[in-house]
Structure formats: structure tokens, C-alpha cells
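Participant: Here you go, target-v4.pdb (PDB, C-alpha atoms, pLDDT in the B column):
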```pdb
ATOM      1  CA  MET A 272      32.789  76.198 150.934  1.00 95.00           C
ATOM      2  CA  ILE A 273      31.630  79.335 149.172  1.00 97.00           C
ATOM      3  CA  THR A 274      33.973  80.950 146.670  1.00 98.00           C
ATOM      4  CA  VAL A 275      33.355  84.555 145.664  1.00 98.00           C
ATOM      5  CA  HIS A 276      34.731  85.385 142.238  1.00 97.00           C
ATOM      6  CA  HIS A 277      35.539  88.948 143.101  1.00 95.00           C
ATOM      7  CA  LEU A 278      36.290  91.756 140.649  1.00 91.00           C
ATOM      8  CA  ASN A 279      37.931  94.862 142.036  1.00 89.00           C
ATOM      9  CA  ASN A 280      35.721  97.961 142.277  1.00 87.00           C
ATOM     10  CA  SER A 281      32.556  96.039 141.504  1.00 92.00           C
ATOM     11  CA  ARG A 282      29.222  94.886 142.834  1.00 94.00           C
ATOM     12  CA  SER A 283      30.869  91.773 144.254  1.00 96.00           C
ATOM     13  CA  GLN A 284      32.074  93.801 147.255  1.00 97.00           C
ATOM     14  CA  ARG A 285      28.539  93.753 148.639  1.00 97.00           C
ATOM     15  CA  ILE A 286      28.517  89.933 148.476  1.00 98.00           C
ATOM     16  CA  LEU A 287      31.586  89.856 150.723  1.00 98.00           C
ATOM     17  CA  TRP A 288      29.754  92.178 153.112  1.00 98.00           C
ATOM     18  CA  LEU A 289      26.726  89.875 153.196  1.00 98.00           C
ATOM     19  CA  LEU A 290      28.881  86.838 153.937  1.00 98.00           C
ATOM     20  CA  GLU A 291      30.549  88.704 156.802  1.00 98.00           C
ATOM     21  CA  GLU A 292      27.133  89.691 158.191  1.00 98.00           C
ATOM     22  CA  LEU A 293      26.018  86.055 157.975  1.00 97.00           C
ATOM     23  CA  GLY A 294      29.236  84.787 159.553  1.00 97.00           C
ATOM     24  CA  VAL A 295      29.687  82.282 156.729  1.00 96.00           C
ATOM     25  CA  GLU A 296      33.138  81.022 155.857  1.00 96.00           C
ATOM     26  CA  TYR A 297      34.233  81.844 152.321  1.00 98.00           C
ATOM     27  CA  LYS A 298      37.254  82.280 150.106  1.00 97.00           C
ATOM     28  CA  ILE A 299      37.957  84.841 147.417  1.00 97.00           C
ATOM     29  CA  GLU A 300      39.209  84.405 143.871  1.00 96.00           C
ATOM     30  CA  HIS A 301      40.476  87.825 142.837  1.00 94.00           C
ATOM     31  CA  TYR A 302      40.103  89.262 139.335  1.00 94.00           C
ATOM     32  CA  GLN A 303      41.419  92.601 138.118  1.00 91.00           C
ATOM     33  CA  ARG A 304      39.852  94.929 135.565  1.00 91.00           C
ATOM     34  CA  ASP A 305      41.744  95.714 132.386  1.00 88.00           C
ATOM     35  CA  PRO A 306      43.397  99.091 133.103  1.00 85.00           C
ATOM     36  CA  LYS A 307      42.508 100.434 129.641  1.00 82.00           C
ATOM     37  CA  THR A 308      38.997  99.109 129.049  1.00 82.00           C
ATOM     38  CA  ILE A 309      37.995  98.791 132.755  1.00 83.00           C
ATOM     39  CA  LEU A 310      36.311  95.514 131.757  1.00 87.00           C
ATOM     40  CA  ALA A 311      36.519  92.197 133.595  1.00 93.00           C
ATOM     41  CA  PRO A 312      39.144  89.715 132.376  1.00 92.00           C
ATOM     42  CA  ASP A 313      38.170  86.849 130.073  1.00 92.00           C
ATOM     43  CA  SER A 314      39.099  84.387 132.811  1.00 94.00           C
ATOM     44  CA  LEU A 315      35.750  85.099 134.485  1.00 94.00           C
ATOM     45  CA  LYS A 316      34.025  83.440 131.525  1.00 93.00           C
ATOM     46  CA  LYS A 317      35.395  80.136 132.768  1.00 94.00           C
ATOM     47  CA  ILE A 318      33.130  80.543 135.798  1.00 93.00           C
ATOM     48  CA  HIS A 319      30.067  81.932 134.020  1.00 94.00           C
ATOM     49  CA  PRO A 320      29.527  82.446 130.264  1.00 95.00           C
ATOM     50  CA  LEU A 321      28.834  86.179 130.627  1.00 93.00           C
ATOM     51  CA  GLY A 322      32.153  86.793 132.363  1.00 92.00           C
ATOM     52  CA  LYS A 323      30.620  89.160 134.892  1.00 91.00           C
ATOM     53  CA  SER A 324      31.082  89.593 138.616  1.00 94.00           C
ATOM     54  CA  PRO A 325      29.767  88.778 141.142  1.00 96.00           C
ATOM     55  CA  VAL A 326      29.544  85.038 140.756  1.00 97.00           C
ATOM     56  CA  ILE A 327      29.717  82.554 143.587  1.00 98.00           C
ATOM     57  CA  THR A 328      30.298  78.824 143.632  1.00 97.00           C
ATOM     58  CA  ASP A 329      29.082  76.796 146.579  1.00 97.00           C
ATOM     59  CA  SER A 330      30.834  73.438 146.782  1.00 96.00           C
ATOM     60  CA  SER A 331      28.506  72.336 149.600  1.00 93.00           C
ATOM     61  CA  ASN A 332      25.545  72.313 147.203  1.00 93.00           C
ATOM     62  CA  ASP A 333      27.490  72.068 143.923  1.00 95.00           C
ATOM     63  CA  VAL A 334      25.934  75.244 142.523  1.00 96.00           C
ATOM     64  CA  THR A 335      27.076  78.364 140.706  1.00 97.00           C
ATOM     65  CA  VAL A 336      25.014  81.514 141.186  1.00 97.00           C
ATOM     66  CA  ALA A 337      25.351  84.751 139.197  1.00 96.00           C
ATOM     67  CA  GLU A 338      23.602  88.141 139.492  1.00 96.00           C
ATOM     68  CA  SER A 339      23.749  90.069 142.754  1.00 97.00           C
ATOM     69  CA  GLY A 340      20.063  89.755 143.601  1.00 97.00           C
ATOM     70  CA  ALA A 341      20.024  86.009 142.989  1.00 97.00           C
ATOM     71  CA  ILE A 342      23.214  85.556 145.015  1.00 98.00           C
ATOM     72  CA  ILE A 343      21.874  87.597 147.927  1.00 98.00           C
ATOM     73  CA  ASP A 344      18.597  85.686 147.921  1.00 97.00           C
ATOM     74  CA  TYR A 345      20.417  82.343 147.725  1.00 97.00           C
ATOM     75  CA  LEU A 346      22.820  83.136 150.562  1.00 98.00           C
ATOM     76  CA  ALA A 347      20.134  84.607 152.809  1.00 97.00           C
ATOM     77  CA  SER A 348      17.809  81.664 152.182  1.00 95.00           C
ATOM     78  CA  THR A 349      20.487  78.994 152.547  1.00 96.00           C
ATOM     79  CA  TYR A 350      22.647  80.391 155.334  1.00 96.00           C
ATOM     80  CA  GLY A 351      20.639  83.194 156.931  1.00 94.00           C
ATOM     81  CA  LYS A 352      19.090  81.164 159.764  1.00 89.00           C
ATOM     82  CA  GLY A 353      16.375  83.782 160.091  1.00 84.00           C
ATOM     83  CA  SER A 354      18.573  86.815 159.497  1.00 89.00           C
ATOM     84  CA  MET A 355      18.886  89.026 156.413  1.00 95.00           C
ATOM     85  CA  LEU A 356      15.615  87.642 155.028  1.00 95.00           C
ATOM     86  CA  PRO A 357      12.219  88.763 156.412  1.00 95.00           C
ATOM     87  CA  ASP A 358       9.437  86.312 157.170  1.00 94.00           C
ATOM     88  CA  PRO A 359       7.648  85.660 153.828  1.00 93.00           C
ATOM     89  CA  THR A 360       4.286  86.129 155.547  1.00 94.00           C
ATOM     90  CA  GLN A 361       5.122  89.677 156.641  1.00 94.00           C
ATOM     91  CA  ALA A 362       4.932  92.995 154.789  1.00 94.00           C
ATOM     92  CA  ALA A 363       8.683  93.432 155.259  1.00 96.00           C
ATOM     93  CA  TYR A 364       9.241  90.540 152.866  1.00 96.00           C
ATOM     94  CA  ARG A 365       7.445  92.377 150.074  1.00 97.00           C
ATOM     95  CA  GLN A 366       9.644  95.398 150.740  1.00 97.00           C
ATOM     96  CA  TYR A 367      12.689  93.135 150.689  1.00 97.00           C
ATOM     97  CA  GLN A 368      11.714  91.754 147.284  1.00 97.00           C
ATOM     98  CA  TYR A 369      10.902  95.202 145.935  1.00 98.00           C
ATOM     99  CA  TRP A 370      14.208  96.850 146.847  1.00 98.00           C
ATOM    100  CA  LEU A 371      16.161  93.737 145.867  1.00 98.00           C
ATOM    101  CA  HIS A 372      14.885  94.150 142.291  1.00 97.00           C
ATOM    102  CA  TYR A 373      14.617  97.947 142.289  1.00 98.00           C
ATOM    103  CA  ALA A 374      18.347  98.466 142.819  1.00 98.00           C
ATOM    104  CA  GLU A 375      19.397  96.992 139.478  1.00 97.00           C
ATOM    105  CA  GLY A 376      16.122  97.142 137.559  1.00 97.00           C
ATOM    106  CA  SER A 377      15.181 100.796 138.159  1.00 97.00           C
ATOM    107  CA  LEU A 378      17.964 102.708 139.900  1.00 98.00           C
ATOM    108  CA  MET A 379      21.122 101.519 138.150  1.00 97.00           C
ATOM    109  CA  PRO A 380      20.119 102.198 134.486  1.00 95.00           C
ATOM    110  CA  PRO A 381      19.951 106.024 134.780  1.00 95.00           C
ATOM    111  CA  LEU A 382      23.038 106.055 137.013  1.00 95.00           C
ATOM    112  CA  LEU A 383      24.935 104.043 134.420  1.00 91.00           C
ATOM    113  CA  MET A 384      23.742 106.329 131.637  1.00 87.00           C
ATOM    114  CA  ASN A 385      24.937 109.298 133.678  1.00 86.00           C
ATOM    115  CA  LEU A 386      28.384 107.734 133.944  1.00 83.00           C
ATOM    116  CA  ILE A 387      28.551 106.886 130.228  1.00 77.00           C
ATOM    117  CA  PHE A 388      27.476 110.313 128.998  1.00 70.00           C
ATOM    118  CA  SER A 389      29.767 112.074 131.475  1.00 75.00           C
ATOM    119  CA  LYS A 390      32.709 110.062 130.155  1.00 69.00           C
ATOM    120  CA  MET A 391      31.612 110.673 126.585  1.00 64.00           C
ATOM    121  CA  LYS A 392      31.829 114.437 127.050  1.00 61.00           C
ATOM    122  CA  ASN A 393      35.399 114.159 128.312  1.00 68.00           C
ATOM    123  CA  SER A 394      36.692 111.371 126.071  1.00 64.00           C
ATOM    124  CA  PRO A 395      39.420 112.106 123.506  1.00 63.00           C
ATOM    125  CA  MET A 396      37.957 112.596 120.015  1.00 57.00           C
ATOM    126  CA  PRO A 397      38.582 114.676 116.884  1.00 62.00           C
ATOM    127  CA  PHE A 398      38.108 118.394 117.588  1.00 58.00           C
ATOM    128  CA  PHE A 399      35.362 118.780 114.981  1.00 54.00           C
ATOM    129  CA  ILE A 400      33.284 115.997 116.551  1.00 61.00           C
ATOM    130  CA  LYS A 401      33.661 117.008 120.198  1.00 62.00           C
ATOM    131  CA  PRO A 402      31.191 119.976 120.173  1.00 70.00           C
ATOM    132  CA  VAL A 403      28.501 117.799 118.602  1.00 54.00           C
ATOM    133  CA  ALA A 404      29.161 114.935 121.031  1.00 57.00           C
ATOM    134  CA  LYS A 405      29.002 117.282 124.010  1.00 68.00           C
ATOM    135  CA  MET A 406      25.808 118.868 122.745  1.00 72.00           C
ATOM    136  CA  LEU A 407      24.133 115.470 122.297  1.00 68.00           C
ATOM    137  CA  ALA A 408      25.327 114.249 125.690  1.00 61.00           C
ATOM    138  CA  ASN A 409      24.105 117.398 127.432  1.00 67.00           C
ATOM    139  CA  LYS A 410      20.740 117.148 125.692  1.00 69.00           C
ATOM    140  CA  VAL A 411      20.189 113.530 126.762  1.00 66.00           C
ATOM    141  CA  MET A 412      21.375 114.315 130.273  1.00 71.00           C
ATOM    142  CA  SER A 413      19.116 117.331 130.764  1.00 70.00           C
ATOM    143  CA  ALA A 414      16.035 115.930 129.036  1.00 71.00           C
ATOM    144  CA  TYR A 415      16.076 112.355 130.280  1.00 77.00           C
ATOM    145  CA  VAL A 416      18.900 111.109 132.509  1.00 88.00           C
ATOM    146  CA  GLN A 417      19.096 113.790 135.194  1.00 90.00           C
ATOM    147  CA  PRO A 418      15.303 114.121 135.687  1.00 92.00           C
ATOM    148  CA  ASN A 419      15.120 110.353 136.178  1.00 94.00           C
ATOM    149  CA  ILE A 420      17.981 110.374 138.662  1.00 96.00           C
ATOM    150  CA  ASP A 421      16.399 113.258 140.582  1.00 96.00           C
ATOM    151  CA  THR A 422      13.101 111.362 140.823  1.00 98.00           C
ATOM    152  CA  HIS A 423      14.769 108.202 142.095  1.00 98.00           C
ATOM    153  CA  LEU A 424      16.953 109.991 144.634  1.00 98.00           C
ATOM    154  CA  ALA A 425      14.000 111.958 146.012  1.00 98.00           C
ATOM    155  CA  TYR A 426      12.051 108.716 146.335  1.00 98.00           C
ATOM    156  CA  ILE A 427      14.880 106.979 148.208  1.00 98.00           C
ATOM    157  CA  GLU A 428      15.484 110.020 150.401  1.00 98.00           C
ATOM    158  CA  ASP A 429      11.844 110.077 151.449  1.00 98.00           C
ATOM    159  CA  HIS A 430      11.876 106.358 152.239  1.00 98.00           C
ATOM    160  CA  LEU A 431      15.004 106.683 154.374  1.00 98.00           C
ATOM    161  CA  LYS A 432      13.518 109.674 156.148  1.00 97.00           C
ATOM    162  CA  HIS A 433      10.944 107.330 157.638  1.00 97.00           C
ATOM    163  CA  HIS A 434      12.860 104.038 157.791  1.00 97.00           C
ATOM    164  CA  GLU A 435      16.258 103.093 159.177  1.00 97.00           C
ATOM    165  CA  TRP A 436      16.539 100.153 156.761  1.00 98.00           C
ATOM    166  CA  PHE A 437      14.961  99.451 153.393  1.00 98.00           C
ATOM    167  CA  ALA A 438      12.837  96.476 154.481  1.00 97.00           C
ATOM    168  CA  GLY A 439      11.539  96.428 158.018  1.00 86.00           C
ATOM    169  CA  ASP A 440      13.282  97.324 161.249  1.00 91.00           C
ATOM    170  CA  THR A 441      16.518  95.398 160.686  1.00 95.00           C
ATOM    171  CA  LEU A 442      19.253  95.060 158.110  1.00 97.00           C
ATOM    172  CA  THR A 443      18.292  92.649 155.298  1.00 98.00           C
ATOM    173  CA  GLY A 444      19.534  91.540 151.918  1.00 98.00           C
ATOM    174  CA  ALA A 445      17.694  94.511 150.440  1.00 98.00           C
ATOM    175  CA  ASP A 446      20.205  96.809 152.134  1.00 98.00           C
ATOM    176  CA  ILE A 447      23.079  94.749 150.770  1.00 98.00           C
ATOM    177  CA  GLN A 448      21.654  95.121 147.260  1.00 98.00           C
ATOM    178  CA  MET A 449      20.974  98.842 147.574  1.00 98.00           C
ATOM    179  CA  SER A 450      24.421  99.592 148.980  1.00 98.00           C
ATOM    180  CA  PHE A 451      26.374  99.632 145.714  1.00 96.00           C
ATOM    181  CA  PRO A 452      24.387 102.205 143.696  1.00 97.00           C
ATOM    182  CA  LEU A 453      24.058 104.486 146.716  1.00 98.00           C
ATOM    183  CA  GLU A 454      27.656 104.431 147.895  1.00 97.00           C
ATOM    184  CA  ALA A 455      28.919 104.762 144.309  1.00 95.00           C
ATOM    185  CA  SER A 456      26.625 107.763 143.841  1.00 97.00           C
ATOM    186  CA  VAL A 457      27.874 109.387 147.036  1.00 97.00           C
ATOM    187  CA  ALA A 458      31.502 108.812 146.042  1.00 94.00           C
ATOM    188  CA  ARG A 459      30.908 110.289 142.563  1.00 93.00           C
ATOM    189  CA  GLY A 460      29.072 113.337 143.898  1.00 94.00           C
ATOM    190  CA  VAL A 461      25.710 112.359 142.448  1.00 95.00           C
ATOM    191  CA  ILE A 462      24.206 112.163 145.923  1.00 97.00           C
ATOM    192  CA  THR A 463      24.928 115.491 147.612  1.00 96.00           C
ATOM    193  CA  SER A 464      23.950 117.213 150.856  1.00 96.00           C
ATOM    194  CA  GLN A 465      20.544 117.677 149.265  1.00 97.00           C
ATOM    195  CA  TYR A 466      19.916 114.066 150.355  1.00 98.00           C
ATOM    196  CA  PRO A 467      21.031 113.968 154.012  1.00 98.00           C
ATOM    197  CA  ASN A 468      19.134 110.806 154.945  1.00 98.00           C
ATOM    198  CA  THR A 469      20.700 108.895 152.087  1.00 98.00           C
ATOM    199  CA  GLN A 470      24.158 110.157 152.973  1.00 98.00           C
ATOM    200  CA  SER A 471      23.611 109.132 156.595  1.00 98.00           C
ATOM    201  CA  TYR A 472      22.412 105.723 155.461  1.00 98.00           C
ATOM    202  CA  VAL A 473      25.590 105.131 153.441  1.00 98.00           C
ATOM    203  CA  GLN A 474      27.710 106.195 156.400  1.00 97.00           C
ATOM    204  CA  ARG A 475      25.705 103.868 158.630  1.00 97.00           C
ATOM    205  CA  ILE A 476      26.219 100.779 156.509  1.00 97.00           C
ATOM    206  CA  GLN A 477      29.883 101.509 155.877  1.00 97.00           C
ATOM    207  CA  SER A 478      30.577 101.850 159.591  1.00 97.00           C
ATOM    208  CA  ARG A 479      29.314  98.345 160.354  1.00 98.00           C
ATOM    209  CA  PRO A 480      32.080  95.974 161.545  1.00 98.00           C
ATOM    210  CA  ALA A 481      31.100  93.331 158.964  1.00 98.00           C
ATOM    211  CA  TYR A 482      31.333  95.909 156.176  1.00 98.00           C
ATOM    212  CA  GLN A 483      34.781  97.000 157.326  1.00 97.00           C
ATOM    213  CA  LYS A 484      35.956  93.409 157.548  1.00 98.00           C
ATOM    214  CA  ALA A 485      34.699  92.712 154.033  1.00 97.00           C
ATOM    215  CA  LEU A 486      36.473  95.837 152.791  1.00 96.00           C
ATOM    216  CA  LYS A 487      39.809  94.539 154.078  1.00 96.00           C
ATOM    217  CA  ALA A 488      39.194  91.144 152.514  1.00 96.00           C
ATOM    218  CA  GLY A 489      38.101  92.487 149.125  1.00 95.00           C
ATOM    219  CA  GLY A 490      40.928  94.914 148.429  1.00 90.00           C
ATOM    220  CA  GLU A 491      40.667  97.856 146.042  1.00 85.00           C
ATOM    221  CA  TYR A 492      37.294  99.579 146.265  1.00 90.00           C
ATOM    222  CA  ASP A 493      36.833 103.233 145.361  1.00 89.00           C
ATOM    223  CA  TYR A 494      33.380 103.773 146.852  1.00 91.00           C
ATOM    224  CA  ALA A 495      34.106 103.469 150.556  1.00 86.00           C
ATOM    225  CA  LEU A 496      33.958 106.839 152.307  1.00 71.00           C
TER     226      LEU A 496
END
```
As C-alpha cells, how would this structure be written, given the file I've shared?

Facilitator:
Amino acid sequence: MITVHHLNNSRSQRILWLLEELGVEYKIEHYQRDPKTILAPDSLKKIHPLGKSPVITDSSNDVTVAESGAIIDYLASTYGKGSMLPDPTQAAYRQYQYWLHYAEGSLMPPLLMNLIFSKMKNSPMPFFIKPVAKMLANKVMSAYVQPNIDTHLAYIEDHLKHHEWFAGDTLTGADIQMSFPLEASVARGVITSQYPNTQSYVQRIQSRPAYQKALKAGGEYDYAL
């Protein structure tokens, strides 16, 4: 039996979606973020030393797997039965591997920086510090963060203009991995009508029956449209 250690409003929602697509039985251990810090509770450290989500435990194989990409690859390889994972001899497999790593390795860092600096500008602080903090945040955003985000979003938009899915002609684990940064960016207004193919892609994945079923199972999730 697979147990998903699921944190509300987190990347672990996409693991539930993958399990629903695979038709694999699973159970959920729910964890709630601290309402003040928005961090995961310390109880997650009992499952994995870093105390992050997602983490899965698979009693069938007596394994614990952390990190979204590793979990997706493990589940697709172990339970996919030919689905969600392209043939390793085909070009689609290289695309699968690329987007599986791209999502967290390249796309998420500037998106996370955008979130941090946006919060920094609006965080409570002494009045004499706030103008300096805002100036620094705006400088970093305009000189580095936003140009990087624009480059990534244009790149993704162009790919989705020519492809229905990220790797090949069918849904794969690469789409599961890419879902979180894209749907979070749509929900936060980072991805606008300037990127119609990306918006359509997010709507397409979120309309899938397996996605909707996972949404009901997972509970609170702010990024569903």
C-alpha cells in the first residue's frame, strides 16, 4: 500500500493526481501548514529528515521516496504498466526526463524568488526600512527575476503551441511534474492571457477526471481554477 504524506497547498497534490491516473490504490496522511509561518509541521520529519512534502512510503517494497521527480519516476516505473513513462528507446523519453528535471531545477527558482520578493515588499517592517526594502526588491525583480520568468514562460508557451503534452503525444509523468509551477503561476496571475497555450494546458489538465478525483481526496488546494 502506498501512503502519500500530503501537505495542504503543496507539490504533493500532483502525486495524488498521478496515482489516480495510474489507478493505484493509496491512502493519505494529512499534514497542515503552520498558519503563521506557512511551513510544514515538524511531524513530517518523522517520515523524512528534511520534513518536506511530498514523501511517499510504499509498504509493498518497504521504501520511502522523497522529491517529486523521484516519486513520479518511481511510481511510473513501478506501477505504470506502460503508461505515464515513455519507451526509453524513444525520443519522447528524453523529453520526459528533461521536463521532469526542468520543472524544479530551472522553472521553480525564479518563480519562488518572485514570490519571496513580492511578499518582502508588502511585509510589515519599520517605516524607515520599508522604502529601502522595496527599492532593493524592485531592483532585483526588474534586473533579474522578471526577465528570467519571461524567458521561461515564452519557452514553455512555444513548446505548448506545438505539442499537446510535454513529452510525446500522451500524458506522462513530465506533465504531472510541470503541473504545479504552471497552475500556481496561473492562479497567482504570473501567467496571463499573454500565454494562451499555457493557460489552455492548465485548464486541460485540471479538467481530467483523475485530477478532479485527486482534488477531492487531497483537500485544501488554492491553485485549482

Participant: Identify all residues satisfying the PyMOL selection byres ((chain A and resi 279) around 6) in the given file; provide them as a list in words.

Facilitator: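 This file gives the following for the PyMOL selection byres ((chain A and resi 279) around 6): Leu278, Asn280, Ser281, Gln303 and Glu491 of chain A.
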
Participant: Mind telling me what the PyMOL selection byres ((chain A and resi 282) around 9) catches here, as a PyMOL selection string?

Facilitator: chain A and resi 277-281+283-286+324-325+339+448+451-452

Participant: List the residues matched by the PyMOL selection byres ((chain A and resi 482) around 10) in the displayed structure as a VMD selection string, ordered by chain and then by residue number.

Facilitator: chain A and resid 284 to 285 287 to 292 447 476 to 481 483 to 488 495

Participant: What separation in Å, quoted to one decimal, exists between CA of Asn385 (chain A) and CA of Asn419 (chain A)?

Facilitator: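 Between CA of Asn385 (chain A) and CA of Asn419 (chain A) the gap works out to 10.2 Å.
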
Participant: Could you tell me how far CA of Ala374 (chain A) sits from CA of Pro467 (chain A), in Å to one decimal place?

Facilitator: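 Value for the CA of Pro467 (chain A)-CA of Ala374 (chain A) distance: 19.3 Å.
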
Participant: Could you list, as an MDAnalysis selection string, every residue within 9 Å of Leu442 (chain A), counting all atoms listed in the file and ignoring same-chain residues fewer than 6 positions away?

Facilitator: chainID A and resid 354:356 435:436

Participant: Would you save the residues of that selection, restricted to C-alpha atoms, as a CSV table (one decimal), in the coordinates of the input?

Facilitator:
```
chain,number,residue,atom,x,y,z
A,354,SER,CA,18.6,86.8,159.5
A,355,MET,CA,18.9,89.0,156.4
A,356,LEU,CA,15.6,87.6,155.0
A,435,GLU,CA,16.3,103.1,159.2
A,436,TRP,CA,16.5,100.2,156.8
```

Participant: Find the residue from A:Phe388, A:Tyr297, A:Phe437, A:Tyr373 that sits nearest to Ile327 (chain A); use all atoms listed in the file when measuring.

Facilitator: A:Tyr297

Participant: How many Å separate CA of Asn468 (chain A) from CA of Ala425 (chain A)?

Facilitator: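 Interatomic distance, CA of Asn468 (chain A) to CA of Ala425 (chain A): 10.4 Å.
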
Participant: My list of candidates is A:Ala458, A:Leu453, A:Ile299, A:Leu310. Which is closest to Met379 (chain A) when distances are computed with only C-alpha atoms?

Facilitator: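 Smallest separation from Met379 (chain A) among the options: A:Leu453.
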
Participant: Missing atoms in region 277-285 of chain A: can you complete it with all heavy atoms, as an mmCIF file, in the coordinates of the input?

Facilitator:
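Written output follows (result-v6.cif):
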```
data_model
loop_
_atom_site.group_PDB
_atom_site.id
_atom_site.type_symbol
_atom_site.label_atom_id
_atom_site.label_comp_id
_atom_site.auth_asym_id
_atom_site.auth_seq_id
_atom_site.Cartn_x
_atom_site.Cartn_y
_atom_site.Cartn_z
ATOM 1 N N HIS A 277 35.623 87.540 142.719
ATOM 2 C CA HIS A 277 35.539 88.948 143.101
ATOM 3 C C HIS A 277 36.349 89.830 142.170
ATOM 4 O O HIS A 277 37.562 89.683 142.032
ATOM 5 C CB HIS A 277 36.058 89.100 144.540
ATOM 6 C CG HIS A 277 36.133 90.509 145.029
ATOM 7 N ND1 HIS A 277 35.038 91.343 145.095
ATOM 8 C CD2 HIS A 277 37.184 91.245 145.489
ATOM 9 C CE1 HIS A 277 35.399 92.523 145.587
ATOM 10 N NE2 HIS A 277 36.700 92.493 145.814
ATOM 11 N N LEU A 278 35.651 90.773 141.523
ATOM 12 C CA LEU A 278 36.290 91.756 140.649
ATOM 13 C C LEU A 278 36.485 93.048 141.418
ATOM 14 O O LEU A 278 35.572 93.513 142.109
ATOM 15 C CB LEU A 278 35.399 91.999 139.423
ATOM 16 C CG LEU A 278 35.898 92.980 138.366
ATOM 17 C CD1 LEU A 278 37.142 92.442 137.670
ATOM 18 C CD2 LEU A 278 34.794 93.255 137.346
ATOM 19 N N ASN A 279 37.672 93.621 141.311
ATOM 20 C CA ASN A 279 37.931 94.862 142.036
ATOM 21 C C ASN A 279 36.980 95.973 141.599
ATOM 22 O O ASN A 279 36.574 96.047 140.442
ATOM 23 C CB ASN A 279 39.390 95.308 141.832
ATOM 24 C CG ASN A 279 39.702 95.676 140.386
ATOM 25 O OD1 ASN A 279 39.547 94.870 139.477
ATOM 26 N ND2 ASN A 279 40.162 96.900 140.173
ATOM 27 N N ASN A 280 36.624 96.827 142.544
ATOM 28 C CA ASN A 280 35.721 97.961 142.277
ATOM 29 C C ASN A 280 34.440 97.523 141.585
ATOM 30 O O ASN A 280 34.054 98.074 140.546
ATOM 31 C CB ASN A 280 36.430 99.026 141.430
ATOM 32 C CG ASN A 280 37.268 99.960 142.264
ATOM 33 O OD1 ASN A 280 36.958 100.205 143.429
ATOM 34 N ND2 ASN A 280 38.342 100.459 141.701
ATOM 35 N N SER A 281 33.769 96.548 142.152
ATOM 36 C CA SER A 281 32.556 96.039 141.504
ATOM 37 C C SER A 281 31.488 95.708 142.528
ATOM 38 O O SER A 281 31.692 95.798 143.748
ATOM 39 C CB SER A 281 32.875 94.786 140.678
ATOM 40 O OG SER A 281 33.003 93.649 141.517
ATOM 41 N N ARG A 282 30.349 95.261 142.003
ATOM 42 C CA ARG A 282 29.222 94.886 142.834
ATOM 43 C C ARG A 282 29.538 93.695 143.741
ATOM 44 O O ARG A 282 28.808 93.450 144.696
ATOM 45 C CB ARG A 282 28.029 94.534 141.937
ATOM 46 C CG ARG A 282 27.436 95.687 141.147
ATOM 47 C CD ARG A 282 26.589 95.129 140.011
ATOM 48 N NE ARG A 282 25.743 96.104 139.343
ATOM 49 C CZ ARG A 282 26.163 96.900 138.375
ATOM 50 N NH1 ARG A 282 27.424 96.871 137.988
ATOM 51 N NH2 ARG A 282 25.314 97.745 137.802
ATOM 52 N N SER A 283 30.575 92.957 143.442
ATOM 53 C CA SER A 283 30.869 91.773 144.254
ATOM 54 C C SER A 283 31.314 92.132 145.668
ATOM 55 O O SER A 283 31.262 91.294 146.571
ATOM 56 C CB SER A 283 31.925 90.891 143.576
ATOM 57 O OG SER A 283 33.108 91.611 143.304
ATOM 58 N N GLN A 284 31.701 93.395 145.896
ATOM 59 C CA GLN A 284 32.074 93.801 147.255
ATOM 60 C C GLN A 284 30.906 93.629 148.220
ATOM 61 O O GLN A 284 31.090 93.242 149.372
ATOM 62 C CB GLN A 284 32.559 95.261 147.257
ATOM 63 C CG GLN A 284 33.021 95.765 148.614
ATOM 64 C CD GLN A 284 34.221 95.001 149.145
ATOM 65 O OE1 GLN A 284 35.146 94.696 148.399
ATOM 66 N NE2 GLN A 284 34.209 94.677 150.432
ATOM 67 N N ARG A 285 29.693 93.877 147.747
ATOM 68 C CA ARG A 285 28.539 93.753 148.639
ATOM 69 C C ARG A 285 28.257 92.294 148.991
ATOM 70 O O ARG A 285 27.644 92.017 150.028
ATOM 71 C CB ARG A 285 27.301 94.425 148.032
ATOM 72 C CG ARG A 285 26.836 93.880 146.703
ATOM 73 C CD ARG A 285 25.699 94.718 146.132
ATOM 74 N NE ARG A 285 25.450 94.397 144.735
ATOM 75 C CZ ARG A 285 24.610 95.065 143.954
ATOM 76 N NH1 ARG A 285 23.938 96.101 144.427
ATOM 77 N NH2 ARG A 285 24.432 94.734 142.696
#
```
